[in-house]
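Asker: Before I ask anything, let me first share the structure, which is written out below as structure tokens.
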Amino acid sequence: MFDLATRDIKFLPGVGPQRAAVLSKEAGISSQQDLLYYFPYKYVDRSRIYSIREVDGSMPYIQLRGKILSFESIGEGRQRRLVAHFSDGTGVVDLVWFQGIKYLLNKYKLQTEYIVFGKPTLFNKRINIAHPDIDPAAELKLSALGMQPYYNTTEKMKRMLLNSHAIEKLMATLLQQLDESLPETLSPALVHAHHLMPLTEALRQIHFPSNAELLRKAQYRLKFEELFYVQLNILRYARDRQHKYRGYVFERVGEVFHTFYAQNLPFVLTNAQKRVLKEIRHDLGSGRQMNRLLQGDVGSGKTLVALMSMLIALDNGFQACLMAPTEILANQHFDTLRELLCGMPVRVELLTGSIKGKRREAILNGLLTGDVQILVGTHAVIEDTVNFASLGLVVIDEQHRFGVAQRARLWTKNVQPPHVLVMTATPIPRTLAMTLYGDLDVSVIDELPPGRKPIATLHQFDNRRVSLNQSVRKQIAEGRQVYFVYPLIKESEKIDLKNLEEGYLHICEDFPDCKVCKVHGKMKPAEKDEQMQRFVSGEAQIMVATTVIEVGVNVPNASVMVIENAERFGLSQLHQLRGRVGRGADQSYCILVTGYKLTEETRKRIEIMVRTNDGFEIAEADLKLRGPGDLEGTQQSGVAFDLKIADLARDGQLLQYVREVAQRLIDADPEGALPENEVVWRQLKSLRKTNVNWAAIS
Ligand code: ADP
Ligand code: MG
């Protein structure tokens with residue numbers, strides 16, 4: 001059979017062993033099929049001519065037709081450049097070269113009609129095009145150019161003369177050699193039902209589109225296919241797992257739950273909390289093992305939902321466990337749960353790395369006998385030495401610190417895997433959640449408890465320190481507490497720590513009447529806890545910290561957060577940090593301090609933060625600004641990203657659609673036995689074999 005995957009790229013005319021090695025290393029192109037699936041990242045319409053009057057500096061590549069009026073050589077030595085004043089009668093642009101001046105002066109003539117192709121920029125109030133492509137208008141057939149593809153290349157590729165244009169040529173060679181159609185990778189039924197372009201045609205059009213409409217159809221077909229198999233893989237995996245494992249049935253909602261509801265619940269549940277609890281109750285009673293992701297912005301009241309779910313486990317004779325990513329958080333959860341359960345005969349224990357010796361032994365024993373009903377802890381709770389009498393439900397707080405593998409370890413903690421509820425305050429856009437955690441059902445708390453004042457977010461340049469300090473002083477005088485947060489990343493750890501220490505000294509000087517504490521990740525845990533405690537207790541008014549305070553810490557009296565070097569934080573991280581304030585009844589403030597010079601992207605980030613408190617809106621914006629690969633949670637989740645054409649930020653609707661298509665196919669053909677789906681199952685199998693990331697979860 002005709003299989004491009006087995007044809008080495010080096011045998012394609014124009015490649016050879018040396019360039020093949022570079023292609024493979026730099027772009028992952030080893031076979032001719034790999035090349036065919038190396039899609040352009042953009043197209044430039046070379047059939048269109050703009051008039052200079054229309055052009056502005058924000059346009060992408062454009063094409064002009066006109067004449068050079070005069071040449072001018074400007075500057076001396078290395079600054080020297082050649083400028084050609086170029087006009088089409090509607091205006092003038094400057095064509096600029098920094099090299100090869102003599103050659104150019106020879107080559108291009110005045111009063112000859114040229115087609116100029118390049119990227120316009122605005123410089124000194126004039127439109128410039130640097131190093132344009134120029135062809136005599138008489139020689140260029142514009143209609144033959146059509147849409148020109150552009151391919152990503154690296155410096156190393158360019159050194160081997162593999163620039164975008166060279167890739168384009170290789171692609172043309174490859175497509176010319178294709179004299180028969182490639183085998184279809186979707187079933188005829190799917191192609192027909194969804195009006196998809198046949199594979200071979202789509203691959204031709206994606207590289208060399210005949211026109212915009214056919215390009216769109218080709219893109220649709222290829223995106224459809226890509227997302228379809230991602231979803232089919234995940235849904236199939238989830239189904240297989242459900243078949244393999246039964247879930248414990250929690251059929252009762254009994255005394256513990258009802259007592260809590262009637263006597264201990266300190267407030268009315270929000271509608272969102274009620275809805276989510278209903279979803280969870282349904283899962284727990286269904287006989288399937290629950291795997292649910294609970295998303296809710298900071299402060300939306302996830303802990304309470306976790307607790308009430310755990311009480312259902314208790315009502316059915318099971319134990320439950322709540323796992324947090326840090327010791328501080330585990331402590332806080334432990335205190336919260338004990339307070340909420342006050343007066344009820346429920347035994348809750350805390351297990352962290354620092355609980356040792358007799359105390360630890362007693363807890364481990366209590367778990368084995370079943371006396372300990374709820375265990376709160378860190379990673380320590382999934383160690384092999386921790387065993388339960390009958391663990392029925394595990395709640396994991398702050399998902400992004402736990403990978404798929406760690407989740408899987410929990411399943412061995414009982415004869416059947418316990419139910420799993422994963423809570424995250426990093427709102428993950430729906431599209432991403434479906435792809436990353438497609439095997440999890442998703443619940444969303446999209447409502448904050450009543451009476452919260454939205455946090456006011458301000459942007460301040462760092463040269464306005466005096467007025468900033470004045471506002472902070474005023475808040476402290478009113479009895480509030482304040483965070484000052486500094487960035488700290490591995491790559492620049494030394495400098496960052498120095499900045500933090502200097503910042504700390506300045507703050508101590510600027511606020512002589514205040515007690516200032518300091519926390520960062522390089523401190524010993526005991527020291528960190530002690531400093532933290534000074535702030536929690538209210539003894540210290542100011543906390544200087546790195547992002548270690550990002551997750552979960554709850555100090556309702558802290559109402560101001562100053563984020564230093566805010567330009568160095570990602571959107572999600574800024575939002576997480578901001579969530580540390582606004583937990584009490586007072587008006588809270590988040591002040592983003594940046595330098596004066598900001599990049600376009602940074603300015604957008606700051607603008608979004610100032611404009612909205614909505615975590616989902618922020619997560620969507622983050623996805624758009626940075627792309628899914630960089631989003632928090634993607635790397636740690638264990639399912640990395642390698643989408644070739646679909647874009648999770650833009651193709652959300654299509655993703656939802658193909659997910660339903662994939663689900664219907666599985667429902668109609670649960671055993672994978674229908675002849676009409678043969679192509680699909682074969683393709684899935686082959687993708688699972690070649691795609692490392694897919695293999696990891698299947
Ligand atoms: P998160 O979702 O960030 O974990 P928490 O569970 O810590 O949020 O809840 C934040 C605060 O809101 C807590 O002090 C909690 O007691 C309070 N809270 C939770 N649910 C409600 C509610 N329905 N009404 C009022 N306050 C609530
Ligand atoms: Mg929480």
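Quick note on naming: the chains in the structure tokens go A, B, ... in the order shown, residues restart at 1 in each chain, and ligands are numbered from 1 in order of appearance.
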Neighbours of Leu654 (chain A) within 12 Å (only C-alpha atoms; same-chain residues fewer than 3 positions away dropped), as a ChimeraX atom specification?
Answerer: /A:194,219-228,231,431,646-651,657-661
Asker: Would you save the residues from that selection as a CSV table (one decimal), in the first residue's frame, using N, CA, C and O atoms?
Answerer:
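Okay, this is what ended up in again10.csv:
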```csv
chain,number,residue,atom,x,y,z
A,194,HIS,N,-20.5,15.0,7.6
A,194,HIS,CA,-20.1,16.3,8.0
A,194,HIS,C,-19.5,17.1,6.9
A,194,HIS,O,-18.8,18.1,7.1
A,219,GLN,N,-8.9,23.5,6.0
A,219,GLN,CA,-8.6,23.7,7.4
A,219,GLN,C,-9.6,23.0,8.3
A,219,GLN,O,-9.3,22.4,9.3
A,220,TYR,N,-10.9,23.2,7.9
A,220,TYR,CA,-12.0,22.6,8.6
A,220,TYR,C,-11.8,21.1,8.7
A,220,TYR,O,-11.9,20.4,9.8
A,221,ARG,N,-11.6,20.5,7.6
A,221,ARG,CA,-11.4,19.0,7.5
A,221,ARG,C,-10.3,18.5,8.4
A,221,ARG,O,-10.4,17.6,9.2
A,222,LEU,N,-9.2,19.2,8.4
A,222,LEU,CA,-8.0,18.7,9.1
A,222,LEU,C,-8.1,19.0,10.6
A,222,LEU,O,-7.7,18.2,11.4
A,223,LYS,N,-8.8,20.1,10.9
A,223,LYS,CA,-9.0,20.4,12.4
A,223,LYS,C,-10.0,19.4,12.9
A,223,LYS,O,-9.9,18.9,14.0
A,224,PHE,N,-11.1,19.2,12.2
A,224,PHE,CA,-12.1,18.2,12.6
A,224,PHE,C,-11.5,16.9,12.9
A,224,PHE,O,-11.7,16.4,14.0
A,225,GLU,N,-10.6,16.4,12.0
A,225,GLU,CA,-10.0,15.1,12.2
A,225,GLU,C,-9.1,15.1,13.4
A,225,GLU,O,-9.1,14.2,14.3
A,226,GLU,N,-8.3,16.2,13.6
A,226,GLU,CA,-7.4,16.2,14.7
A,226,GLU,C,-8.1,16.2,16.0
A,226,GLU,O,-7.8,15.4,16.9
A,227,LEU,N,-9.1,17.1,16.2
A,227,LEU,CA,-9.8,17.2,17.4
A,227,LEU,C,-10.7,15.9,17.6
A,227,LEU,O,-10.8,15.4,18.8
A,228,PHE,N,-11.2,15.4,16.6
A,228,PHE,CA,-12.0,14.2,16.7
A,228,PHE,C,-11.2,13.0,17.3
A,228,PHE,O,-11.7,12.4,18.2
A,231,GLN,N,-10.5,13.6,21.0
A,231,GLN,CA,-11.7,13.3,21.8
A,231,GLN,C,-12.0,11.8,21.9
A,231,GLN,O,-12.4,11.3,22.9
A,431,THR,N,-12.6,24.4,26.7
A,431,THR,CA,-11.9,23.7,25.6
A,431,THR,C,-10.7,22.9,26.1
A,431,THR,O,-10.5,21.8,25.7
A,646,ALA,N,-5.4,22.5,14.9
A,646,ALA,CA,-6.5,23.1,15.7
A,646,ALA,C,-5.9,24.1,16.7
A,646,ALA,O,-4.8,23.9,17.1
A,647,ASP,N,-6.7,25.0,17.1
A,647,ASP,CA,-6.3,26.0,18.0
A,647,ASP,C,-7.4,26.1,19.2
A,647,ASP,O,-8.5,26.4,18.9
A,648,LEU,N,-7.0,25.6,20.3
A,648,LEU,CA,-8.0,25.5,21.4
A,648,LEU,C,-8.6,26.8,21.8
A,648,LEU,O,-9.7,26.9,22.2
A,649,ALA,N,-7.9,27.9,21.5
A,649,ALA,CA,-8.4,29.2,21.9
A,649,ALA,C,-9.5,29.6,20.9
A,649,ALA,O,-10.4,30.3,21.2
A,650,ARG,N,-9.4,29.1,19.6
A,650,ARG,CA,-10.3,29.6,18.6
A,650,ARG,C,-11.3,28.5,18.2
A,650,ARG,O,-12.4,28.8,17.7
A,651,ASP,N,-11.0,27.3,18.4
A,651,ASP,CA,-11.8,26.2,17.8
A,651,ASP,C,-12.7,25.5,18.9
A,651,ASP,O,-12.9,24.3,18.8
A,657,TYR,N,-18.3,20.2,19.3
A,657,TYR,CA,-19.1,19.4,18.2
A,657,TYR,C,-18.5,18.1,18.0
A,657,TYR,O,-19.2,17.0,18.0
A,658,VAL,N,-17.2,18.0,17.8
A,658,VAL,CA,-16.6,16.7,17.5
A,658,VAL,C,-16.6,15.8,18.7
A,658,VAL,O,-16.6,14.6,18.5
A,659,ARG,N,-16.6,16.4,19.9
A,659,ARG,CA,-16.7,15.6,21.0
A,659,ARG,C,-18.0,14.8,21.0
A,659,ARG,O,-18.1,13.6,21.3
A,660,GLU,N,-19.1,15.5,20.6
A,660,GLU,CA,-20.4,14.8,20.6
A,660,GLU,C,-20.4,13.8,19.4
A,660,GLU,O,-20.9,12.7,19.6
A,661,VAL,N,-19.7,14.1,18.3
A,661,VAL,CA,-19.6,13.1,17.2
A,661,VAL,C,-18.9,11.9,17.7
A,661,VAL,O,-19.3,10.7,17.5
```
Asker: As a VMD selection string, please: the residues near region 47-54 of chain A (cut-off 12 Å, only C-alpha atoms, same-chain neighbours under 4 positions excluded).
Answerer: chain A and resid 43 58 to 67 86 to 94 114 to 118 120 126 to 129 137 140 to 148 210 to 212
Asker: Store the residues of this selection in a file with N, CA and C atoms, as a compact mmCIF listing (two decimals), in the first residue's frame.
Answerer:
```
# COMPACT_ATOMS: atom_id res chain seq x y z
N TYR A 43 -0.74 32.46 5.49
CA TYR A 43 -0.73 32.58 4.04
C TYR A 43 -0.74 34.05 3.70
N SER A 58 0.16 48.89 10.57
CA SER A 58 -0.26 47.70 11.31
C SER A 58 -0.58 46.53 10.38
N MET A 59 -0.44 46.74 9.06
CA MET A 59 -0.81 45.67 8.13
C MET A 59 0.24 44.58 8.09
N PRO A 60 -0.19 43.35 7.79
CA PRO A 60 0.79 42.29 7.59
C PRO A 60 1.44 42.47 6.21
N TYR A 61 1.98 41.44 5.65
CA TYR A 61 2.64 41.56 4.35
C TYR A 61 1.67 42.04 3.27
N ILE A 62 2.13 42.95 2.46
CA ILE A 62 1.28 43.49 1.40
C ILE A 62 2.09 43.63 0.11
N GLN A 63 1.34 43.91 -0.93
CA GLN A 63 1.95 44.02 -2.24
C GLN A 63 1.57 45.36 -2.88
N LEU A 64 2.54 46.03 -3.49
CA LEU A 64 2.28 47.32 -4.13
C LEU A 64 2.80 47.28 -5.56
N ARG A 65 2.19 48.09 -6.41
CA ARG A 65 2.69 48.20 -7.79
C ARG A 65 2.97 49.68 -8.06
N GLY A 66 4.22 49.98 -8.50
CA GLY A 66 4.56 51.38 -8.74
C GLY A 66 5.99 51.53 -9.23
N LYS A 67 6.51 52.76 -9.10
CA LYS A 67 7.85 53.05 -9.62
C LYS A 67 8.71 53.70 -8.56
N PHE A 86 9.26 55.22 -3.27
CA PHE A 86 8.49 54.41 -4.20
C PHE A 86 7.05 54.92 -4.23
N SER A 87 6.50 55.09 -5.43
CA SER A 87 5.14 55.66 -5.50
C SER A 87 4.28 54.96 -6.55
N ASP A 88 2.99 54.91 -6.23
CA ASP A 88 2.04 54.37 -7.22
C ASP A 88 1.06 55.45 -7.66
N GLY A 89 1.37 56.70 -7.32
CA GLY A 89 0.49 57.79 -7.68
C GLY A 89 -0.49 58.15 -6.58
N THR A 90 -0.71 57.23 -5.60
CA THR A 90 -1.63 57.56 -4.51
C THR A 90 -0.86 57.97 -3.26
N GLY A 91 0.45 57.80 -3.26
CA GLY A 91 1.24 58.14 -2.09
C GLY A 91 2.65 57.62 -2.27
N VAL A 92 3.48 57.83 -1.23
CA VAL A 92 4.87 57.40 -1.32
C VAL A 92 5.22 56.54 -0.11
N VAL A 93 5.96 55.45 -0.34
CA VAL A 93 6.54 54.70 0.78
C VAL A 93 8.05 54.63 0.57
N ASP A 94 8.77 54.35 1.68
CA ASP A 94 10.22 54.22 1.59
C ASP A 94 10.62 52.76 1.63
N TYR A 114 7.46 48.15 -10.89
CA TYR A 114 7.81 46.99 -10.07
C TYR A 114 6.63 46.56 -9.21
N ILE A 115 6.68 45.28 -8.85
CA ILE A 115 5.79 44.79 -7.78
C ILE A 115 6.65 44.64 -6.54
N VAL A 116 6.23 45.29 -5.45
CA VAL A 116 6.99 45.27 -4.21
C VAL A 116 6.19 44.48 -3.17
N PHE A 117 6.88 43.59 -2.46
CA PHE A 117 6.20 42.76 -1.49
C PHE A 117 6.95 42.82 -0.16
N GLY A 118 6.25 43.17 0.92
CA GLY A 118 6.94 43.25 2.20
C GLY A 118 6.00 43.69 3.31
N PRO A 120 4.86 46.52 5.84
CA PRO A 120 4.99 47.94 6.10
C PRO A 120 5.09 48.24 7.59
N ARG A 126 6.68 57.96 8.57
CA ARG A 126 6.63 57.54 7.16
C ARG A 126 6.48 56.03 7.11
N ILE A 127 5.79 55.55 6.07
CA ILE A 127 5.67 54.10 5.89
C ILE A 127 6.96 53.58 5.28
N ASN A 128 7.54 52.58 5.94
CA ASN A 128 8.77 51.93 5.49
C ASN A 128 8.52 50.48 5.14
N ILE A 129 9.22 49.97 4.15
CA ILE A 129 9.23 48.52 3.95
C ILE A 129 10.70 48.12 3.87
N ALA A 137 7.16 44.34 -12.82
CA ALA A 137 5.73 44.03 -12.96
C ALA A 137 5.47 43.22 -14.23
N LEU A 140 5.92 39.31 -13.64
CA LEU A 140 5.22 38.58 -12.58
C LEU A 140 3.77 38.33 -12.95
N LYS A 141 3.40 37.04 -12.94
CA LYS A 141 1.98 36.74 -13.16
C LYS A 141 1.30 36.62 -11.81
N LEU A 142 0.57 37.63 -11.45
CA LEU A 142 0.00 37.66 -10.10
C LEU A 142 -0.99 36.54 -9.86
N SER A 143 -1.79 36.25 -10.83
CA SER A 143 -2.83 35.24 -10.61
C SER A 143 -2.21 33.88 -10.32
N ALA A 144 -0.99 33.65 -10.82
CA ALA A 144 -0.33 32.37 -10.58
C ALA A 144 0.22 32.28 -9.17
N LEU A 145 0.42 33.42 -8.55
CA LEU A 145 1.00 33.40 -7.20
C LEU A 145 -0.03 32.94 -6.17
N GLY A 146 -1.21 33.49 -6.25
CA GLY A 146 -2.28 33.09 -5.35
C GLY A 146 -1.91 33.27 -3.89
N MET A 147 -2.34 32.32 -3.07
CA MET A 147 -2.02 32.39 -1.64
C MET A 147 -0.69 31.70 -1.40
N GLN A 148 0.24 32.43 -0.85
CA GLN A 148 1.55 31.84 -0.63
C GLN A 148 1.67 31.34 0.81
N SER A 210 -6.21 27.06 -3.56
CA SER A 210 -6.64 27.68 -4.80
C SER A 210 -7.31 29.01 -4.53
N ASN A 211 -8.05 29.05 -3.43
CA ASN A 211 -8.65 30.32 -3.01
C ASN A 211 -9.03 30.22 -1.53
N ALA A 212 -9.51 31.30 -1.00
CA ALA A 212 -9.76 31.37 0.43
C ALA A 212 -10.82 30.37 0.88
```
Asker: May I ask you to write as a PyMOL selection string all residues lying at most 9 Å from ligand 1, with only C-alpha atoms and all ligand atoms counted?
Answerer: chain A and resi 266-273+295-306+333+336+340+397-398+423-425+445+448-452+552-554+556+579-580+583-584
Asker: Limited to C-alpha atoms, could you put the picked residues into a file as a PDB file, in the first residue's frame?
Answerer:
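The resulting file, again08.pdb, is shown below:
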```pdb
ATOM      1  CA  PRO A 266     -23.118  28.428  58.856  1.00  0.00           C
ATOM      2  CA  PHE A 267     -24.794  29.977  55.809  1.00  0.00           C
ATOM      3  CA  VAL A 268     -27.135  29.319  52.947  1.00  0.00           C
ATOM      4  CA  LEU A 269     -25.518  27.461  50.067  1.00  0.00           C
ATOM      5  CA  THR A 270     -25.231  29.401  46.856  1.00  0.00           C
ATOM      6  CA  ASN A 271     -27.236  28.069  43.947  1.00  0.00           C
ATOM      7  CA  ALA A 272     -24.025  27.031  42.247  1.00  0.00           C
ATOM      8  CA  GLN A 273     -22.935  25.069  45.309  1.00  0.00           C
ATOM      9  CA  GLN A 295     -13.776  24.351  39.008  1.00  0.00           C
ATOM     10  CA  GLY A 296     -14.518  27.441  40.956  1.00  0.00           C
ATOM     11  CA  ASP A 297     -12.869  30.771  41.258  1.00  0.00           C
ATOM     12  CA  VAL A 298     -10.971  31.605  44.411  1.00  0.00           C
ATOM     13  CA  GLY A 299     -13.396  32.191  47.240  1.00  0.00           C
ATOM     14  CA  SER A 300     -16.317  30.490  45.554  1.00  0.00           C
ATOM     15  CA  GLY A 301     -16.697  28.013  48.399  1.00  0.00           C
ATOM     16  CA  LYS A 302     -15.272  24.773  47.106  1.00  0.00           C
ATOM     17  CA  THR A 303     -14.179  23.584  50.532  1.00  0.00           C
ATOM     18  CA  LEU A 304     -17.726  23.380  51.743  1.00  0.00           C
ATOM     19  CA  VAL A 305     -18.732  21.331  48.719  1.00  0.00           C
ATOM     20  CA  ALA A 306     -15.796  19.031  49.389  1.00  0.00           C
ATOM     21  CA  HIS A 333      -8.208  22.850  55.577  1.00  0.00           C
ATOM     22  CA  THR A 336     -11.657  24.770  58.615  1.00  0.00           C
ATOM     23  CA  LEU A 340     -17.342  23.386  60.470  1.00  0.00           C
ATOM     24  CA  ASP A 397      -7.432  20.456  46.121  1.00  0.00           C
ATOM     25  CA  GLU A 398      -5.601  22.549  43.534  1.00  0.00           C
ATOM     26  CA  MET A 423     -10.859  20.885  42.812  1.00  0.00           C
ATOM     27  CA  THR A 424      -9.117  23.701  41.063  1.00  0.00           C
ATOM     28  CA  ALA A 425      -9.206  27.449  41.369  1.00  0.00           C
ATOM     29  CA  ILE A 445     -19.142  26.953  40.662  1.00  0.00           C
ATOM     30  CA  LEU A 448     -19.496  33.832  44.610  1.00  0.00           C
ATOM     31  CA  PRO A 449     -21.195  33.813  48.008  1.00  0.00           C
ATOM     32  CA  PRO A 450     -23.291  36.952  48.494  1.00  0.00           C
ATOM     33  CA  GLY A 451     -21.958  40.144  50.020  1.00  0.00           C
ATOM     34  CA  ARG A 452     -18.468  40.044  48.593  1.00  0.00           C
ATOM     35  CA  GLY A 552      -5.242  28.854  49.067  1.00  0.00           C
ATOM     36  CA  VAL A 553      -3.942  30.847  52.048  1.00  0.00           C
ATOM     37  CA  ASN A 554      -6.791  32.549  53.820  1.00  0.00           C
ATOM     38  CA  PRO A 556      -9.614  37.573  55.684  1.00  0.00           C
ATOM     39  CA  GLY A 579      -7.585  35.891  45.142  1.00  0.00           C
ATOM     40  CA  ARG A 580      -5.673  36.060  48.428  1.00  0.00           C
ATOM     41  CA  ARG A 583     -11.966  37.365  51.568  1.00  0.00           C
ATOM     42  CA  GLY A 584     -13.377  39.564  54.272  1.00  0.00           C
TER      43      GLY A 584
END
```
Asker: Just checking: using only C-alpha atoms and all ligand atoms, which residue out of A:Met290, A:Val276, A:His258, A:Thr326 ends up closest to ligand 2?
Answerer: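 Using only C-alpha atoms and all ligand atoms, the shortest distance to ligand 2 belongs to A:Thr326.
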Asker: Here is a test: counting only C-alpha atoms and all ligand atoms, which residue of A:Tyr151, A:Phe334, A:Ala21, A:Leu235 is nearest to ligand 2?
Answerer: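 Going through A:Tyr151, A:Phe334, A:Ala21, A:Leu235 one by one, the smallest distance to ligand 2 is for A:Phe334.
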Asker: If you run DSSP on this backbone, which residues of region 80-181 of chain A come out as strand (DSSP E), and could you give them as a VMD selection string?
Answerer: chain A and resid 81 to 87 92 to 97 114 to 118 120 to 123 126 to 130 133 to 136 147 to 150
Asker: Based on DSSP run over this structure's backbone, return all residues of region 425-602 of chain A in helix (DSSP H, G or I), as a ChimeraX atom specification.
Answerer: /A:430-436,462-477,490-510,525-536,547-549,566-568,571-578,600-602
Asker: Using only C-alpha atoms and all ligand atoms, which of A:Met197, A:Leu82, A:Ile68, A:Ala330 sits nearest ligand 2?
Answerer: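 Among the listed residues, A:Ala330 lies closest to ligand 2.
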Asker: Of the candidates A:Gly479, A:Leu329, A:Pro487, A:Asp496, which shows the shortest atom-to-atom distance to ligand 2, using only C-alpha atoms and all ligand atoms?
Answerer: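 Among the listed residues, A:Leu329 lies closest to ligand 2.
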Asker: State, in Å with one decimal place, the distance from CA of Thr378 (chain A) to CA of Thr547 (chain A).
Answerer: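 Separation of CA of Thr378 (chain A) and CA of Thr547 (chain A): 18.7 Å.
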Asker: Compile the contact shell of region 178-181 of chain A as a ChimeraX atom specification: residues with an atom at most 9 Å away, counting only C-alpha atoms, same-chain residues fewer than 5 positions apart removed.
Answerer: /A:2,173,199-201
Asker: Quick one: residues within 10 Å of region 253-255 of chain A, only C-alpha atoms, excluding same-chain residues fewer than 5 positions away - as a list of chain:residue names?
Answerer: A:Phe260, A:Tyr261, A:Arg281, A:Gly285, A:Ser309, A:Leu311, A:Ile312, A:Ala313, A:Leu314, A:Asp315, A:Asn316
Asker: My list of candidates is A:Gln481, A:Thr457, A:Ser286, A:Gln475. Which is closest to His419 (chain A) when distances are computed with only C-alpha atoms?
Answerer: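 For His419 (chain A), the nearest of the candidates is A:Ser286.
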Asker: Tell me which protein, DNA and RNA residues are within 10 Å of Lys597 (chain A), counting only C-alpha atoms, leaving out same-chain ones fewer than 4 positions away, and put them as a tab-separated table (two decimals) with all heavy atoms, in the first residue's frame.
Answerer:
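Written out: result.tsv:
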```
chain	number	residue	atom	x	y	z
A	461	PHE	N	2.76	52.74	38.08
A	461	PHE	CA	4.16	52.65	37.67
A	461	PHE	C	5.06	52.75	38.89
A	461	PHE	O	4.72	53.41	39.87
A	461	PHE	CB	4.49	53.76	36.66
A	461	PHE	CG	3.80	53.57	35.35
A	461	PHE	CD1	2.89	54.51	34.89
A	461	PHE	CD2	4.04	52.43	34.59
A	461	PHE	CE1	2.23	54.32	33.68
A	461	PHE	CE2	3.39	52.25	33.38
A	461	PHE	CZ	2.47	53.20	32.93
A	567	GLU	N	4.70	42.81	35.60
A	567	GLU	CA	4.88	42.41	34.20
A	567	GLU	C	5.49	41.03	34.07
A	567	GLU	O	5.43	40.42	33.02
A	567	GLU	CB	5.73	43.44	33.44
A	567	GLU	CG	7.15	43.66	33.95
A	567	GLU	CD	7.25	44.81	34.93
A	567	GLU	OE1	6.47	44.81	35.91
A	567	GLU	OE2	8.12	45.69	34.75
A	602	THR	N	2.13	42.66	27.61
A	602	THR	CA	2.05	42.96	29.03
A	602	THR	C	0.95	43.98	29.31
A	602	THR	O	0.18	43.84	30.25
A	602	THR	CB	3.39	43.52	29.54
A	602	THR	OG1	4.42	42.65	29.13
A	602	THR	CG2	3.39	43.66	31.03
A	603	ARG	N	0.90	44.99	28.45
A	603	ARG	CA	-0.12	46.00	28.65
A	603	ARG	C	-1.52	45.38	28.59
A	603	ARG	O	-2.40	45.70	29.39
A	603	ARG	CB	0.02	47.10	27.59
A	603	ARG	CG	-0.42	48.44	28.09
A	603	ARG	CD	0.42	49.60	27.59
A	603	ARG	NE	0.93	49.36	26.26
A	603	ARG	CZ	0.24	49.63	25.14
A	603	ARG	NH1	-0.96	50.13	25.20
A	603	ARG	NH2	0.77	49.40	23.97
```
Asker: With distances taken over only C-alpha atoms, which residue among A:His459, A:Lys624, A:Lys515, A:Arg465 lies nearest Ile606 (chain A)?
Answerer: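 Under the stated criterion, the closest residue is A:His459.
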Asker: Need to verify the contact set: Gly317 (chain A), 10 Å, only C-alpha atoms, exclusion of same-chain residues closer than 4 positions in sequence. Can you return it as a list of chain:residue names?
Answerer: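 Those residues are A:Phe250, A:Arg252, A:Leu311, A:Ile312, A:Ala313, A:Gly370, A:Gln373, A:Ser390, A:Leu391, A:Gly392.
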Asker: Residues of the last selection are to be written out with N, CA, C and O atoms, as a compact mmCIF listing (two decimals), in the first residue's frame.
Answerer:
```txt
# COMPACT_ATOMS: atom_id res chain seq x y z
N PHE A 250 -22.85 4.93 46.79
CA PHE A 250 -23.26 5.65 48.00
C PHE A 250 -24.74 5.95 47.83
O PHE A 250 -25.10 6.98 47.26
N ARG A 252 -27.08 6.24 50.23
CA ARG A 252 -27.74 6.98 51.32
C ARG A 252 -27.21 8.40 51.43
O ARG A 252 -26.01 8.62 51.33
N LEU A 311 -19.08 13.93 53.64
CA LEU A 311 -20.07 13.47 54.62
C LEU A 311 -20.97 12.38 54.02
O LEU A 311 -21.43 11.48 54.71
N ILE A 312 -21.22 12.49 52.72
CA ILE A 312 -22.01 11.43 52.08
C ILE A 312 -21.26 10.11 52.13
O ILE A 312 -21.84 9.04 52.38
N ALA A 313 -19.94 10.17 51.92
CA ALA A 313 -19.14 8.95 52.04
C ALA A 313 -19.28 8.36 53.43
O ALA A 313 -19.49 7.15 53.61
N GLY A 370 -10.69 2.35 60.97
CA GLY A 370 -11.85 3.09 60.50
C GLY A 370 -12.31 4.16 61.47
O GLY A 370 -13.26 4.88 61.21
N GLN A 373 -12.26 9.09 60.30
CA GLN A 373 -13.21 9.08 59.18
C GLN A 373 -12.79 10.01 58.05
O GLN A 373 -13.03 9.74 56.89
N SER A 390 -11.54 1.58 54.69
CA SER A 390 -12.42 1.61 53.53
C SER A 390 -12.53 3.01 52.97
O SER A 390 -13.46 3.76 53.27
N LEU A 391 -11.55 3.35 52.16
CA LEU A 391 -11.53 4.69 51.58
C LEU A 391 -12.54 4.76 50.43
O LEU A 391 -12.47 3.97 49.49
N GLY A 392 -13.47 5.72 50.53
CA GLY A 392 -14.50 5.79 49.50
C GLY A 392 -14.43 7.03 48.61
O GLY A 392 -14.92 7.02 47.49
```
Asker: For CA of Leu170 (chain A) and CA of Pro13 (chain A), determine how far apart the two atoms are, in Å to one decimal place.
Answerer: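 Between CA of Leu170 (chain A) and CA of Pro13 (chain A) the gap works out to 7.8 Å.
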Asker: For the atom pair CA of Tyr248 (chain A) and CA of Arg288 (chain A), what is the interatomic distance in Å to one decimal place?
Answerer: 7.3 Å
